[in-house]
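Q: Below are the structure tokens for one structure; questions will follow.
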Amino acid sequence: MELRSVEELMDLLYACRGTRDTPGLGSIRVDLHQHALQTAALLRRARPADKELQVAGLVHAIGPLLGPADVTRHSDCAADAVRPLLGERVSRLVRDQCRAFDSADDDLVRLRQADEEGRGAEFDAGVLEDWRTVLELVAARHSPLGAVD
């Protein structure tokens with residue numbers, strides 16, 4: 001699946017409500033919708049100017065909805081789906097955040113940290129609609145001829 005509009009992505013993120021992820025070793029199961037919001041909010045606090053990193057934190061949770069049968073491909077499914085809409089950097093961050101545990105890439109390290117912090121965090125991360133403008137901004141940078149829905 002390739003997401004072609006911010007509206008499609010928003011619908012998918014809303015569909016994450018009530019869906020629990022499959023935890024890794026030592027992880028707890030979390031509601032994907034709330035986890036996405038918390039991860040993105042933590043990244044917004046840590047890197048307020050890096051909208052692509054924040055968006056990667058928001059969309060990394062869609063993988064289980066796109067490929068529920070294959071846990072090992074969740075990151076790949078999410079990365080492939082967002083690449084046409086959000087660009088190569090967001091796609092790469094989403095794809096690599098679960099794999100590069102010894103990475104020197106500071107962005108991946110911060111994304112992984114926010115992902116883990118977001119699993120145990122108990123704070124109000126706002127609502128998904130708060131992220132629409134940021135998603136539109138990032139999508140507009142990567143859309144051919146600015147054709148963003």
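Residue numbers start at 1 in each chain; chains themselves are named A, B, ... in the order of the structure tokens; ligands are numbered from 1 in the order shown.
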Extract, using only C-alpha atoms, all DNA, RNA and protein residues at most 8 Å from A:Ala61, discarding same-chain residues fewer than 5 positions from it, and format them as a list in words.
A: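 That gives Cys16, Leu32, His33, His35, Ala36 and Ala78 of chain A.
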Q: Any chance you could list, as a PyMOL selection string, the residues in chain A that come up alpha helix (DSSP H) when DSSP is run on the backbone?
A: chain A and resi 6-15+32-46+51-59+63-66+74-86+88-96+106-120+132-142
Q: Restricting the calculation to only C-alpha atoms: of A:Val138, A:Leu13, A:Val55, A:Cys98, which residue gets closest to A:Leu42?
A: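 Among the listed residues, the smallest separation from A:Leu42 belongs to A:Val55.
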Q: To one decimal in Å, tell me the separation between atom CA of A:Leu85 and atom CA of A:Leu43.
A: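 Atom-to-atom, atom CA of A:Leu85 to atom CA of A:Leu43, that is 20.3 Å.
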Q: Within 10 Å of A:Val82, counting only C-alpha atoms, which residues show up once you throw out same-chain ones fewer than 5 positions away? Write them as a ChimeraX atom specification, please.
A: /A:1-6,9,56,59-60,62,77,87-88,90-92,94,139
Q: Would you output that residue set with N, CA and C atoms, as a CSV table (one decimal), in the first residue's frame?
A:
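Result saved to part.csv:
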chain,number,residue,atom,x,y,z
A,1,MET,N,0.8,-1.2,0.0
A,1,MET,CA,0.0,0.0,0.0
A,1,MET,C,0.9,1.2,0.0
A,2,GLU,N,0.5,2.2,-0.8
A,2,GLU,CA,1.2,3.5,-0.8
A,2,GLU,C,0.2,4.6,-0.5
A,3,LEU,N,0.5,5.4,0.5
A,3,LEU,CA,-0.3,6.5,0.9
A,3,LEU,C,-0.1,7.6,0.0
A,4,ARG,N,-1.2,8.2,-0.6
A,4,ARG,CA,-1.1,9.3,-1.6
A,4,ARG,C,-1.5,10.6,-1.0
A,5,SER,N,-2.1,10.6,0.2
A,5,SER,CA,-2.6,11.9,0.7
A,5,SER,C,-2.5,11.9,2.2
A,6,VAL,N,-2.4,13.1,2.7
A,6,VAL,CA,-2.4,13.3,4.2
A,6,VAL,C,-3.7,12.7,4.8
A,9,LEU,N,-3.5,9.1,5.2
A,9,LEU,CA,-2.6,8.8,6.4
A,9,LEU,C,-3.3,9.1,7.7
A,56,ALA,N,8.2,10.9,11.6
A,56,ALA,CA,8.6,9.5,11.6
A,56,ALA,C,8.1,8.8,12.9
A,59,VAL,N,4.3,8.2,12.5
A,59,VAL,CA,3.8,7.2,11.5
A,59,VAL,C,4.4,5.8,11.7
A,60,HIS,N,5.4,5.7,12.6
A,60,HIS,CA,6.0,4.4,12.7
A,60,HIS,C,5.1,3.3,13.2
A,62,ILE,N,2.1,2.5,12.2
A,62,ILE,CA,1.0,2.0,11.3
A,62,ILE,C,1.4,0.7,10.7
A,77,CYS,N,6.7,-2.4,6.0
A,77,CYS,CA,5.3,-2.0,5.5
A,77,CYS,C,5.0,-0.5,5.7
A,87,GLY,N,8.4,11.2,1.9
A,87,GLY,CA,9.8,11.3,1.5
A,87,GLY,C,10.7,10.2,2.0
A,88,GLU,N,11.9,10.2,1.4
A,88,GLU,CA,12.9,9.1,1.7
A,88,GLU,C,13.4,9.1,3.1
A,90,VAL,N,12.0,10.2,6.0
A,90,VAL,CA,11.0,9.7,7.0
A,90,VAL,C,10.9,8.2,6.8
A,91,SER,N,10.8,7.7,5.5
A,91,SER,CA,10.8,6.3,5.2
A,91,SER,C,11.9,5.5,5.8
A,92,ARG,N,13.1,6.1,5.6
A,92,ARG,CA,14.4,5.4,6.1
A,92,ARG,C,14.3,5.3,7.7
A,94,VAL,N,11.7,5.3,9.7
A,94,VAL,CA,10.7,4.3,10.1
A,94,VAL,C,11.2,2.9,9.8
A,139,ALA,N,4.6,16.6,3.7
A,139,ALA,CA,4.2,16.0,2.5
A,139,ALA,C,4.4,17.0,1.3
Q: Could you state the separation of atom CA of A:Asp80 and atom CA of A:Leu65 in Å, given to one decimal place?
A: 13.1 Å
Q: Of the candidates A:Arg95, A:Arg44, A:Arg89, A:Arg141, which one gets nearest to A:Asp76 if we count only C-alpha atoms?
A: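 Of A:Arg95, A:Arg44, A:Arg89, A:Arg141, the one nearest A:Asp76, counting only C-alpha atoms, is A:Arg95.
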Q: Mind checking which residues fall within 7 Å of stretch 108-121 of chain A, counting only C-alpha atoms, ignoring those fewer than 6 positions away in the same chain, and posting them as a list in words?
A: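 Once the adjacent positions are removed, what remains is Ile28, Val30, His35, Gln38, Thr39, Leu42, Leu43, Gly57, Leu93 and Gln97 of chain A.
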Q: With a distance cut-off of 8 Å and only C-alpha atoms, select the neighbouring residues of A:Met10, excluding the residue or stretch itself and same-chain residues fewer than 4 positions from it, and output the selection as a list of chain:residue names.
A: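 Within the cut-off, the hits are A:Val6, A:Tyr14, A:Leu128, A:Arg132.
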Q: Would you mind telling me which residue in A:Ala46, A:Phe123, A:Pro84, A:Asp106 lies nearest to A:Ala140 when using only C-alpha atoms?
A: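 Of A:Ala46, A:Phe123, A:Pro84, A:Asp106, the one nearest A:Ala140, counting only C-alpha atoms, is A:Pro84.
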Q: What is the distance, in Å and to one decimal place, between atom CA of A:Ala104 and atom CA of A:Leu53?
A: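 Straight-line distance from atom CA of A:Ala104 to atom CA of A:Leu53 works out to 15.9 Å.
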